[in-house]
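**Q** File run.cif below, mmCIF, C-alpha atoms:
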```cif
data_coords
loop_
_atom_site.label_atom_id
_atom_site.label_comp_id
_atom_site.auth_asym_id
_atom_site.auth_seq_id
_atom_site.Cartn_x
_atom_site.Cartn_y
_atom_site.Cartn_z
CA MET A 1 100.09 123.14 88.01
CA ALA A 2 102.55 120.45 86.88
CA MET A 3 105.38 123.01 86.93
CA VAL A 4 104.49 124.00 90.50
CA ARG A 5 104.47 120.36 91.63
CA GLU A 6 107.86 119.77 90.00
CA ALA A 7 109.28 122.91 91.60
CA LYS A 8 107.88 121.81 94.96
CA GLN A 9 109.69 118.48 94.70
CA LYS A 10 113.01 120.14 93.85
CA ILE A 11 112.63 122.74 96.59
CA TYR A 12 112.08 120.06 99.22
CA LYS A 13 115.03 118.11 97.83
CA TYR A 14 117.24 121.14 98.43
CA ASP A 15 115.52 122.22 101.63
CA LYS A 16 118.77 122.99 103.42
CA SER A 17 121.54 123.67 100.93
CA CYS A 18 122.44 123.11 97.30
CA ARG A 19 125.25 123.97 94.92
CA PHE A 20 125.24 124.67 91.18
CA SER A 21 128.28 124.49 88.92
CA GLU A 22 126.35 125.46 85.76
CA LYS A 23 124.52 128.77 85.53
CA ASN A 24 121.79 127.28 83.31
CA ASP A 25 120.96 124.78 86.08
CA LEU A 26 120.81 127.62 88.59
CA ILE A 27 118.50 129.70 86.39
CA ALA A 28 116.21 126.73 85.70
CA TYR A 29 115.96 126.00 89.42
CA LEU A 30 115.20 129.63 90.30
CA GLN A 31 112.55 129.86 87.60
CA GLU A 32 110.81 126.76 88.93
CA GLU A 33 111.07 128.06 92.47
CA GLU A 34 109.59 131.40 91.39
CA ALA A 35 106.44 129.60 90.19
CA ALA A 36 105.95 128.14 93.68
CA LYS A 37 106.35 131.43 95.61
CA LYS A 38 103.60 133.48 97.21
CA ASP A 39 104.00 136.52 99.44
CA TYR A 40 101.39 138.04 101.74
CA VAL A 41 100.90 141.09 103.92
CA CYS A 42 98.71 139.95 106.78
CA PRO A 43 97.61 141.37 110.18
CA ALA A 44 99.32 139.58 113.06
CA ARG A 45 95.95 138.74 114.64
CA ASP A 46 94.99 136.71 111.54
CA LEU A 47 97.99 134.39 111.94
CA SER A 48 97.99 131.38 114.24
CA VAL A 49 99.89 128.15 114.92
CA LEU A 50 98.28 124.71 115.15
CA PRO A 51 98.83 122.54 118.26
CA ASP A 52 101.41 120.47 116.36
CA GLY A 53 103.77 123.44 116.65
CA LYS A 54 104.75 122.97 113.00
CA THR A 55 101.91 124.52 111.01
CA LEU A 56 101.11 128.19 110.48
CA VAL A 57 97.53 129.12 109.59
CA MET A 58 96.58 132.24 107.63
CA GLY A 59 92.93 132.35 106.62
CA ASN A 60 92.26 129.20 104.64
CA ASN A 61 95.99 128.56 104.07
CA GLU A 62 98.33 126.32 106.02
CA PHE A 63 102.12 126.39 105.78
CA ARG A 64 104.90 124.24 107.24
CA MET A 65 107.21 126.50 109.25
CA ILE A 66 110.93 126.07 108.50
CA ASP A 67 113.65 126.62 111.11
CA LEU A 68 114.35 130.18 109.98
CA PHE A 69 110.66 131.10 110.25
CA HIS A 70 110.58 129.77 113.82
CA LEU A 71 113.60 131.94 114.62
CA GLN A 72 111.95 135.05 113.18
CA LEU A 73 108.62 134.31 114.85
CA ALA A 74 110.28 133.97 118.25
CA SER A 75 112.14 137.24 117.66
CA ALA A 76 108.98 139.09 116.58
CA LEU A 77 107.14 137.94 119.72
CA LYS A 78 110.19 138.49 121.97
CA ILE A 79 110.15 134.88 123.18
CA PRO A 80 113.65 133.74 124.25
CA MET A 81 114.88 131.19 121.70
CA GLN A 82 115.89 128.62 124.28
CA TYR A 83 112.38 128.62 125.77
CA TYR A 84 110.79 128.72 122.31
CA ASN A 85 112.73 125.61 121.23
CA ALA A 86 111.90 123.80 124.47
CA MET A 87 108.22 124.31 123.73
CA ARG A 88 108.64 123.50 120.04
CA PHE A 89 110.28 120.14 120.58
CA GLU A 90 108.80 119.05 123.92
CA LYS A 91 105.40 120.77 124.27
CA PRO A 92 104.24 122.01 120.84
CA ASP A 93 100.69 122.63 122.09
CA LEU A 94 102.11 125.04 124.68
CA LEU A 95 104.09 126.76 121.91
CA ALA A 96 100.88 127.23 119.91
CA LYS A 97 99.06 128.70 122.93
CA ASN A 98 101.91 131.15 123.65
CA VAL A 99 102.36 132.23 120.04
CA ASN A 100 98.65 132.62 119.35
CA SER A 101 98.12 134.59 122.54
CA TRP A 102 100.84 137.09 121.63
CA LEU A 103 99.82 137.34 117.96
CA SER A 104 96.27 138.23 118.97
CA THR A 105 97.52 141.32 120.85
CA ILE A 106 99.74 142.77 118.10
CA ASP A 107 98.24 145.57 116.03
CA LYS A 108 100.51 145.49 113.00
CA ASN A 109 101.01 143.75 109.67
CA TYR A 110 103.73 141.29 108.74
CA MET A 111 105.03 140.18 105.37
CA LEU A 112 104.78 136.42 105.13
CA ARG A 113 106.99 134.85 102.44
CA THR A 114 106.10 131.31 101.36
CA VAL A 115 107.27 128.79 98.79
CA ALA A 116 105.69 125.46 97.91
CA GLY A 117 103.71 125.20 101.12
CA LYS A 118 106.53 126.40 103.40
CA ALA A 119 106.40 129.49 105.61
CA ARG A 120 109.96 130.62 105.02
CA ALA A 121 110.14 134.19 106.39
CA LEU A 122 108.26 136.56 108.71
CA LEU A 123 109.30 140.13 107.88
CA SER A 124 108.28 143.74 108.21
CA ASP A 125 105.48 144.82 105.89
CA SER A 126 107.91 147.42 104.50
CA TYR A 127 110.42 144.77 103.38
CA CYS A 128 111.60 145.46 99.82
CA ARG A 129 111.67 142.20 97.89
CA ILE A 130 114.76 141.68 95.73
CA ASP A 131 114.63 138.03 94.76
CA ASN A 132 117.39 135.68 93.65
CA LEU A 133 116.17 135.26 90.07
CA GLU A 134 116.09 139.03 89.67
CA VAL A 135 119.63 139.37 91.03
CA VAL A 136 121.04 136.58 88.86
CA SER A 137 119.34 137.93 85.74
CA ALA A 138 120.64 141.44 86.43
CA VAL A 139 124.21 140.19 87.00
CA LEU A 140 124.22 138.18 83.77
CA SER A 141 122.79 141.14 81.87
CA ALA A 142 125.50 143.41 83.30
CA MET A 143 128.18 140.90 82.29
CA SER A 144 126.76 140.81 78.77
CA ASP A 145 127.02 144.62 78.59
CA ILE A 146 130.65 144.42 79.73
CA GLU A 147 131.45 141.90 76.99
CA GLU A 148 129.76 144.03 74.33
CA GLN A 149 131.94 146.99 75.33
CA ASP A 150 135.07 144.85 74.79
CA ILE A 151 136.27 145.43 78.34
CA GLU A 152 138.96 142.80 78.81
CA CYS A 153 138.12 140.87 81.94
CA ASN A 154 136.78 137.50 80.65
CA LEU A 155 134.31 136.84 83.44
CA ASP A 156 133.26 133.23 84.02
CA PHE A 157 130.62 131.76 86.32
CA GLN A 158 132.33 129.50 88.87
CA PHE A 159 129.52 128.24 91.11
CA ALA A 160 126.48 129.18 93.16
CA ARG A 161 125.44 128.04 96.60
CA MET A 162 122.05 128.60 98.19
CA ASN A 163 119.88 127.57 101.11
CA ASP A 164 116.84 128.93 102.94
CA GLU A 165 118.82 131.95 104.08
CA LYS A 166 121.10 133.10 101.26
CA LEU A 167 122.22 132.85 97.67
CA TYR A 168 125.95 133.15 96.98
CA LEU A 169 127.32 133.50 93.42
CA ARG A 170 130.99 133.50 92.43
CA PHE A 171 132.51 134.73 89.17
CA VAL A 172 136.21 134.73 88.26
CA SER A 173 137.86 137.01 85.73
CA GLY A 174 140.85 136.49 83.43
CA ARG A 175 142.86 139.10 85.37
CA GLU A 176 145.77 137.33 87.07
CA ARG A 177 148.78 138.08 89.27
CA ILE A 178 151.49 136.09 91.06
CA CYS A 179 151.75 136.09 94.86
CA ALA A 180 154.28 133.94 96.75
CA SER A 181 154.53 131.63 93.70
CA ASP A 182 150.73 131.25 93.65
CA ARG A 183 148.79 132.19 90.54
CA LEU A 184 145.83 134.32 91.60
CA ALA A 185 142.79 135.54 89.69
CA VAL A 186 140.41 138.26 90.83
CA GLY A 187 136.66 137.89 90.72
CA PHE A 188 133.55 138.93 92.55
CA VAL A 189 130.82 137.37 94.66
CA VAL A 190 127.19 138.38 94.79
CA SER A 191 125.08 137.43 97.79
CA ASN A 192 121.41 137.97 98.48
CA SER A 193 118.76 136.90 100.92
CA GLU A 194 115.07 136.66 100.17
CA THR A 195 114.30 135.99 103.81
CA GLY A 196 115.72 138.98 105.68
CA ARG A 197 119.18 137.55 106.32
CA GLY A 198 121.22 140.13 104.42
CA ALA A 199 121.33 142.80 101.76
CA VAL A 200 122.26 142.31 98.13
CA SER A 201 126.04 142.56 98.27
CA ILE A 202 128.92 142.55 95.78
CA ARG A 203 132.44 141.88 97.03
CA THR A 204 135.87 141.06 95.64
CA VAL A 205 137.17 137.49 95.76
CA LEU A 206 140.53 135.92 94.92
CA TYR A 207 140.88 132.51 93.34
CA THR A 208 144.03 130.37 93.73
CA PHE A 209 144.71 128.14 90.73
CA SER A 210 147.00 125.73 92.58
CA CYS A 211 144.31 124.44 94.96
CA SER A 212 141.11 126.21 93.86
CA ASN A 213 140.88 128.23 97.07
CA GLY A 214 138.63 131.23 97.30
CA MET A 215 139.42 134.17 99.59
CA LEU A 216 136.66 136.69 100.22
CA ILE A 217 138.23 140.13 100.55
CA GLY A 218 137.23 142.28 103.50
CA SER A 219 134.69 145.05 103.00
CA ASP A 220 137.37 147.65 103.84
CA TYR A 221 138.73 147.13 100.29
CA PHE A 222 135.45 146.99 98.41
CA ARG A 223 131.81 146.32 99.08
CA GLU A 224 128.61 147.53 97.46
CA ARG A 225 125.22 146.70 98.91
CA LYS A 226 121.50 147.33 98.52
CA THR A 227 119.33 146.84 101.59
CA HIS A 228 115.84 145.35 101.48
CA VAL A 229 114.22 148.48 102.92
CA GLY A 230 111.11 149.71 101.18
CA ASN A 231 107.80 151.16 102.26
CA ALA A 232 104.52 149.90 103.66
CA SER A 233 102.47 150.70 100.54
CA GLN A 234 102.24 147.09 99.35
CA THR A 235 99.28 146.25 97.11
CA PHE A 236 97.53 142.99 97.94
CA ASN A 237 94.25 141.23 97.16
CA GLU A 238 91.40 140.15 99.45
CA ASN A 239 93.42 137.10 100.51
CA TRP A 240 96.37 139.30 101.55
CA GLU A 241 98.53 138.08 98.66
CA ILE A 242 100.91 140.78 97.39
CA THR A 243 100.20 141.73 93.79
CA THR A 244 102.80 144.46 93.17
CA ILE A 245 106.21 143.98 91.59
CA THR A 246 109.05 145.81 93.37
CA ASP A 247 110.84 148.28 91.10
CA ASN A 248 114.61 147.78 91.55
CA ARG A 249 115.72 149.22 88.20
CA ALA A 250 117.90 151.92 89.77
CA PHE A 251 119.90 149.29 91.64
CA THR A 252 120.20 146.77 88.82
CA SER A 253 121.35 149.49 86.41
CA LYS A 254 124.36 150.09 88.68
CA LEU A 255 125.47 146.47 88.68
CA LYS A 256 127.85 146.81 85.74
CA ASP A 257 129.81 149.58 87.47
CA MET A 258 129.84 147.60 90.72
CA ILE A 259 131.26 144.53 88.99
CA LEU A 260 133.98 146.53 87.29
CA CYS A 261 134.90 148.15 90.61
CA ALA A 262 135.10 144.75 92.32
CA ILE A 263 137.67 143.45 89.81
CA ASP A 264 139.49 146.76 89.27
CA GLU A 265 143.17 146.20 88.36
CA GLU A 266 144.54 148.80 90.76
CA ARG A 267 142.55 147.42 93.69
CA PHE A 268 143.60 143.89 92.72
CA GLY A 269 147.24 145.00 92.85
CA ARG A 270 146.86 146.48 96.34
CA ILE A 271 145.26 143.27 97.60
CA VAL A 272 148.07 141.10 96.18
CA ASP A 273 150.69 143.42 97.68
CA LYS A 274 149.02 143.02 101.06
CA LEU A 275 149.07 139.23 100.75
CA ALA A 276 152.70 139.29 99.63
CA GLU A 277 153.58 140.93 102.96
CA SER A 278 151.87 138.11 104.84
CA ALA A 279 153.95 135.55 102.89
CA LYS A 280 157.09 137.09 104.43
CA THR A 281 155.71 136.84 107.97
CA HIS A 282 156.54 133.43 109.44
CA ILE A 283 155.18 131.37 112.31
CA THR A 284 157.80 131.45 115.08
CA GLY A 285 155.83 129.87 117.92
CA CYS A 286 154.55 126.31 118.27
CA VAL A 287 152.46 125.76 115.14
CA ASN A 288 149.66 123.91 116.90
CA ASP A 289 149.44 126.53 119.65
CA VAL A 290 149.49 129.35 117.11
CA ILE A 291 146.52 127.78 115.33
CA LYS A 292 144.67 127.46 118.64
CA ALA A 293 145.34 131.10 119.45
CA VAL A 294 144.26 132.23 115.98
CA GLY A 295 141.22 129.97 116.29
CA LYS A 296 140.23 131.68 119.52
CA GLU A 297 140.72 135.11 117.96
CA TYR A 298 138.61 134.34 114.86
CA GLU A 299 136.13 131.85 116.35
CA LEU A 300 137.41 128.75 114.60
CA ARG A 301 135.91 125.60 116.10
CA VAL A 302 138.19 122.95 117.61
CA TYR A 303 137.54 120.39 114.87
CA GLU A 304 138.11 123.13 112.27
CA GLN A 305 141.47 123.96 113.84
CA GLU A 306 142.54 120.33 113.50
CA LYS A 307 141.67 120.27 109.79
CA ILE A 308 143.42 123.60 109.22
CA PHE A 309 146.53 122.32 111.01
CA ASN A 310 146.67 119.33 108.64
CA TYR A 311 146.29 121.52 105.55
CA LEU A 312 148.97 123.90 106.83
CA LEU A 313 151.48 121.08 107.25
CA ARG A 314 150.52 119.62 103.89
CA GLY A 315 151.11 122.98 102.20
CA ARG A 316 154.54 123.34 103.86
CA ASP A 317 154.18 127.11 104.05
CA LEU A 318 154.57 128.10 107.69
CA SER A 319 153.80 131.77 107.10
CA LEU A 320 150.81 133.95 107.79
CA TYR A 321 149.90 133.58 104.11
CA GLY A 322 150.22 129.80 104.37
CA LEU A 323 147.94 129.76 107.42
CA SER A 324 145.30 131.84 105.65
CA ASN A 325 145.50 129.47 102.66
CA ALA A 326 144.99 126.50 104.96
CA VAL A 327 141.79 128.12 106.26
CA THR A 328 140.42 128.83 102.78
CA ARG A 329 141.41 125.35 101.63
CA TYR A 330 139.47 123.82 104.49
CA SER A 331 136.43 125.94 103.58
CA GLN A 332 136.04 123.79 100.45
CA ASP A 333 135.28 120.78 102.66
CA VAL A 334 132.45 122.50 104.54
CA GLU A 335 128.94 121.58 103.40
CA ASP A 336 127.24 124.50 105.17
CA HIS A 337 127.77 127.20 102.55
CA LEU A 338 127.25 130.05 105.02
CA ARG A 339 130.05 128.71 107.19
CA ALA A 340 132.21 128.06 104.13
CA THR A 341 131.77 131.70 103.13
CA GLU A 342 132.67 132.84 106.65
CA LEU A 343 135.87 130.80 106.49
CA GLU A 344 136.80 132.33 103.13
CA GLU A 345 136.51 135.75 104.77
CA ILE A 346 138.36 134.65 107.92
CA GLY A 347 141.25 133.64 105.65
CA TRP A 348 141.53 137.26 104.53
CA TYR A 349 141.42 138.65 108.06
CA ILE A 350 144.13 136.23 109.17
CA ALA A 351 146.37 137.20 106.23
CA THR A 352 145.92 140.89 107.02
CA MET A 353 146.17 140.58 110.78
CA GLU A 354 147.76 143.53 112.57
CA THR A 355 151.50 143.02 113.02
CA GLN A 356 151.30 143.67 116.77
CA LYS A 357 148.58 141.06 117.24
CA TRP A 358 150.48 138.45 115.17
CA GLU A 359 153.74 139.05 117.03
CA LYS A 360 151.99 138.67 120.39
CA ILE A 361 150.40 135.36 119.34
CA ASN A 362 153.80 133.98 118.27
CA ALA A 363 155.55 135.33 121.36
CA ASP A 364 152.97 133.84 123.74
CA CYS A 365 153.19 130.46 121.99
CA ALA A 366 157.00 130.55 122.05
CA VAL A 367 156.98 131.27 125.82
CA LYS A 368 154.67 128.31 126.34
CA VAL A 369 157.09 126.04 124.44
CA ARG A 370 160.05 127.22 126.53
CA MET A 371 158.11 126.64 129.76
CA LEU A 372 157.25 123.08 128.70
CA GLU A 373 160.87 122.41 127.76
CA GLY A 374 161.99 123.73 131.13
CA GLU A 375 159.57 121.38 132.92
CA ARG A 376 160.98 118.41 131.00
CA ASP A 377 164.54 119.36 131.92
#
```
In structure tokens, what does this structure look like?
**A**
Amino acid sequence: MAMVREAKQKIYKYDKSCRFSEKNDLIAYLQEEEAAKKDYVCPARDLSVLPDGKTLVMGNNEFRMIDLFHLQLASALKIPMQYYNAMRFEKPDLLAKNVNSWLSTIDKNYMLRTVAGKARALLSDSYCRIDNLEVVSAVLSAMSDIEEQDIECNLDFQFARMNDEKLYLRFVSGRERICASDRLAVGFVVSNSETGRGAVSIRTVLYTFSCSNGMLIGSDYFRERKTHVGNASQTFNENWEITTITDNRAFTSKLKDMILCAIDEERFGRIVDKLAESAKTHITGCVNDVIKAVGKEYELRVYEQEKIFNYLLRGRDLSLYGLSNAVTRYSQDVEDHLRATELEEIGWYIATMETQKWEKINADCAVKVRMLEGERD
């Protein structure tokens, strides 16, 4: 009981997002969190929401609904999110009446995932649970096997980020190359969601020693994934709590091969060659306008564009490679780890932008500069 209370305190402390720089701290946290988890398969008609609009009731159990659960509940009941939020924040009793009315008419089961008194996910009853502790343990075991086979890659844990939606692990190897005077190392990232927000995924990442940037390589070069699709034959007790343990041995046994593929020397070389091409492609239009155009193309927010512009000028590399580095450098400042990860991937897509698209952006921005100069004359 004391362990559960301690885990509950830590889970609430990191309710939104947390970062670990030591793998032992990550494992300890996940172990404590595991002790506070309970999963259920429950008929929709046996779920209800209290008039406070914050509390889910299942039998004799009550759970505080987190933001993600509200999102999934609205989706399951086909209630538009804007209307759902209006009820949630302005008329919670109306939200409860709407939700309870719809739940009472649904003849199906849902998987309810909870942790330390929180309702954290509403999923299909066929959802295949692959939890973060299982993924981390399997990755570390695979890395141990690689070391025992004397495969020279010298993998090191760099950091982990996690929130209610996803876990994101990064490892860097001792395999290095030079690109545009930057010293690069290849590694891999593992991501997982326990709450229906993504499959288990392994992807290649590059690490820049000069400024500690991380660039997440596009899935066209390498990506392995395992979806959370299972079957509806869950075993649960009289209180709907799931009592089975999902068997994911076939997937975890493949992890070693996946890791070695992610950091493969030949693939690493192709990636660096691609980046080297971007280092030879320079910005010819107005720098600020180019960033705005790229921002529109890759959905970079206005305040993000301003930060990226500053990092680009600071780096003094006015090339496509320099721009991509400015994006990945800015990602380190972002507290929302999901957005930080998106920016690391956007950096790759900018660096590997189609030549025709890049030339058009520069040409359009150059025309704009000439028009402004003509107006001043």
**Q** Taking the file as shown, what set of residues would the PyMOL selection byres ((chain A and resi 248-263) around 8) give back, as a PDB file with C-alpha atoms, in the coordinates of the input?
**A**
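Produced file out-v1.pdb, reproduced below:
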```pdb
ATOM      1  CA  ILE A 130     114.760 141.680  95.730  1.00  0.00           C
ATOM      2  CA  VAL A 135     119.630 139.370  91.030  1.00  0.00           C
ATOM      3  CA  ALA A 138     120.640 141.440  86.430  1.00  0.00           C
ATOM      4  CA  VAL A 139     124.210 140.190  87.000  1.00  0.00           C
ATOM      5  CA  ALA A 142     125.500 143.410  83.300  1.00  0.00           C
ATOM      6  CA  MET A 143     128.180 140.900  82.290  1.00  0.00           C
ATOM      7  CA  ASP A 145     127.020 144.620  78.590  1.00  0.00           C
ATOM      8  CA  ILE A 146     130.650 144.420  79.730  1.00  0.00           C
ATOM      9  CA  SER A 173     137.860 137.010  85.730  1.00  0.00           C
ATOM     10  CA  VAL A 186     140.410 138.260  90.830  1.00  0.00           C
ATOM     11  CA  GLY A 187     136.660 137.890  90.720  1.00  0.00           C
ATOM     12  CA  PHE A 188     133.550 138.930  92.550  1.00  0.00           C
ATOM     13  CA  ILE A 202     128.920 142.550  95.780  1.00  0.00           C
ATOM     14  CA  ARG A 203     132.440 141.880  97.030  1.00  0.00           C
ATOM     15  CA  THR A 204     135.870 141.060  95.640  1.00  0.00           C
ATOM     16  CA  PHE A 222     135.450 146.990  98.410  1.00  0.00           C
ATOM     17  CA  ARG A 223     131.810 146.320  99.080  1.00  0.00           C
ATOM     18  CA  GLU A 224     128.610 147.530  97.460  1.00  0.00           C
ATOM     19  CA  LYS A 226     121.500 147.330  98.520  1.00  0.00           C
ATOM     20  CA  THR A 246     109.050 145.810  93.370  1.00  0.00           C
ATOM     21  CA  ASP A 247     110.840 148.280  91.100  1.00  0.00           C
ATOM     22  CA  ASP A 264     139.490 146.760  89.270  1.00  0.00           C
ATOM     23  CA  GLU A 265     143.170 146.200  88.360  1.00  0.00           C
ATOM     24  CA  ARG A 267     142.550 147.420  93.690  1.00  0.00           C
ATOM     25  CA  PHE A 268     143.600 143.890  92.720  1.00  0.00           C
TER      26      PHE A 268
END
```
**Q** List the residues selected by the PyMOL selection byres ((chain A and resi 286) around 7) in the file shown, writing them as a ChimeraX atom specification.
**A** /A:284-285,287-290,365-366,369
**Q** Find the residues near segment 319-335 of chain A: any atom within 8 Å, counting all atoms listed in the file, skip ones fewer than 5 places away on the same chain, and give them as a PDB file with C-alpha atoms, in the coordinates of the input.
**A**
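Written out: out-v4.pdb:
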```pdb
ATOM      1  CA  CYS A 211     144.310 124.440  94.960  1.00  0.00           C
ATOM      2  CA  SER A 212     141.110 126.210  93.860  1.00  0.00           C
ATOM      3  CA  ASN A 213     140.880 128.230  97.070  1.00  0.00           C
ATOM      4  CA  GLY A 214     138.630 131.230  97.300  1.00  0.00           C
ATOM      5  CA  MET A 215     139.420 134.170  99.590  1.00  0.00           C
ATOM      6  CA  LEU A 275     149.070 139.230 100.750  1.00  0.00           C
ATOM      7  CA  ALA A 276     152.700 139.290  99.630  1.00  0.00           C
ATOM      8  CA  SER A 278     151.870 138.110 104.840  1.00  0.00           C
ATOM      9  CA  ALA A 279     153.950 135.550 102.890  1.00  0.00           C
ATOM     10  CA  LYS A 280     157.090 137.090 104.430  1.00  0.00           C
ATOM     11  CA  THR A 281     155.710 136.840 107.970  1.00  0.00           C
ATOM     12  CA  HIS A 282     156.540 133.430 109.440  1.00  0.00           C
ATOM     13  CA  ILE A 283     155.180 131.370 112.310  1.00  0.00           C
ATOM     14  CA  GLU A 304     138.110 123.130 112.270  1.00  0.00           C
ATOM     15  CA  LYS A 307     141.670 120.270 109.790  1.00  0.00           C
ATOM     16  CA  ILE A 308     143.420 123.600 109.220  1.00  0.00           C
ATOM     17  CA  PHE A 309     146.530 122.320 111.010  1.00  0.00           C
ATOM     18  CA  TYR A 311     146.290 121.520 105.550  1.00  0.00           C
ATOM     19  CA  LEU A 312     148.970 123.900 106.830  1.00  0.00           C
ATOM     20  CA  ALA A 340     132.210 128.060 104.130  1.00  0.00           C
ATOM     21  CA  THR A 341     131.770 131.700 103.130  1.00  0.00           C
ATOM     22  CA  LEU A 343     135.870 130.800 106.490  1.00  0.00           C
ATOM     23  CA  GLU A 344     136.800 132.330 103.130  1.00  0.00           C
ATOM     24  CA  ILE A 346     138.360 134.650 107.920  1.00  0.00           C
ATOM     25  CA  GLY A 347     141.250 133.640 105.650  1.00  0.00           C
ATOM     26  CA  TRP A 348     141.530 137.260 104.530  1.00  0.00           C
ATOM     27  CA  ILE A 350     144.130 136.230 109.170  1.00  0.00           C
ATOM     28  CA  ALA A 351     146.370 137.200 106.230  1.00  0.00           C
TER      29      ALA A 351
END
```
**Q** Residue by residue, what does the PyMOL selection byres ((chain A and resi 114) around 9) grab here? Present the result as a PyMOL selection string.
**A** chain A and resi 36-40+63+112-113+115-121
**Q** Take the point (123.6, 135.9, 94.7) as written in the file and pick out every residue within 10 Å of it, counting all atoms listed in the file; give the list as a list in words.
**A** Asp131, Asn132, Leu133, Glu134, Val135, Val136, Val139, Ala160, Arg161, Met162, Lys166, Leu167, Tyr168, Leu169, Arg170, Val189, Val190, Ser191, Asn192, Ser193, Val200, Ser201 and Ile202 of chain A
**Q** In Å, rounded to a single decimal, give me how far atom CA of Val205 of chain A is from atom CA of Glu359 of chain A.
**A**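 Separation of atom CA of Glu359 of chain A and atom CA of Val205 of chain A: 27.0 Å.
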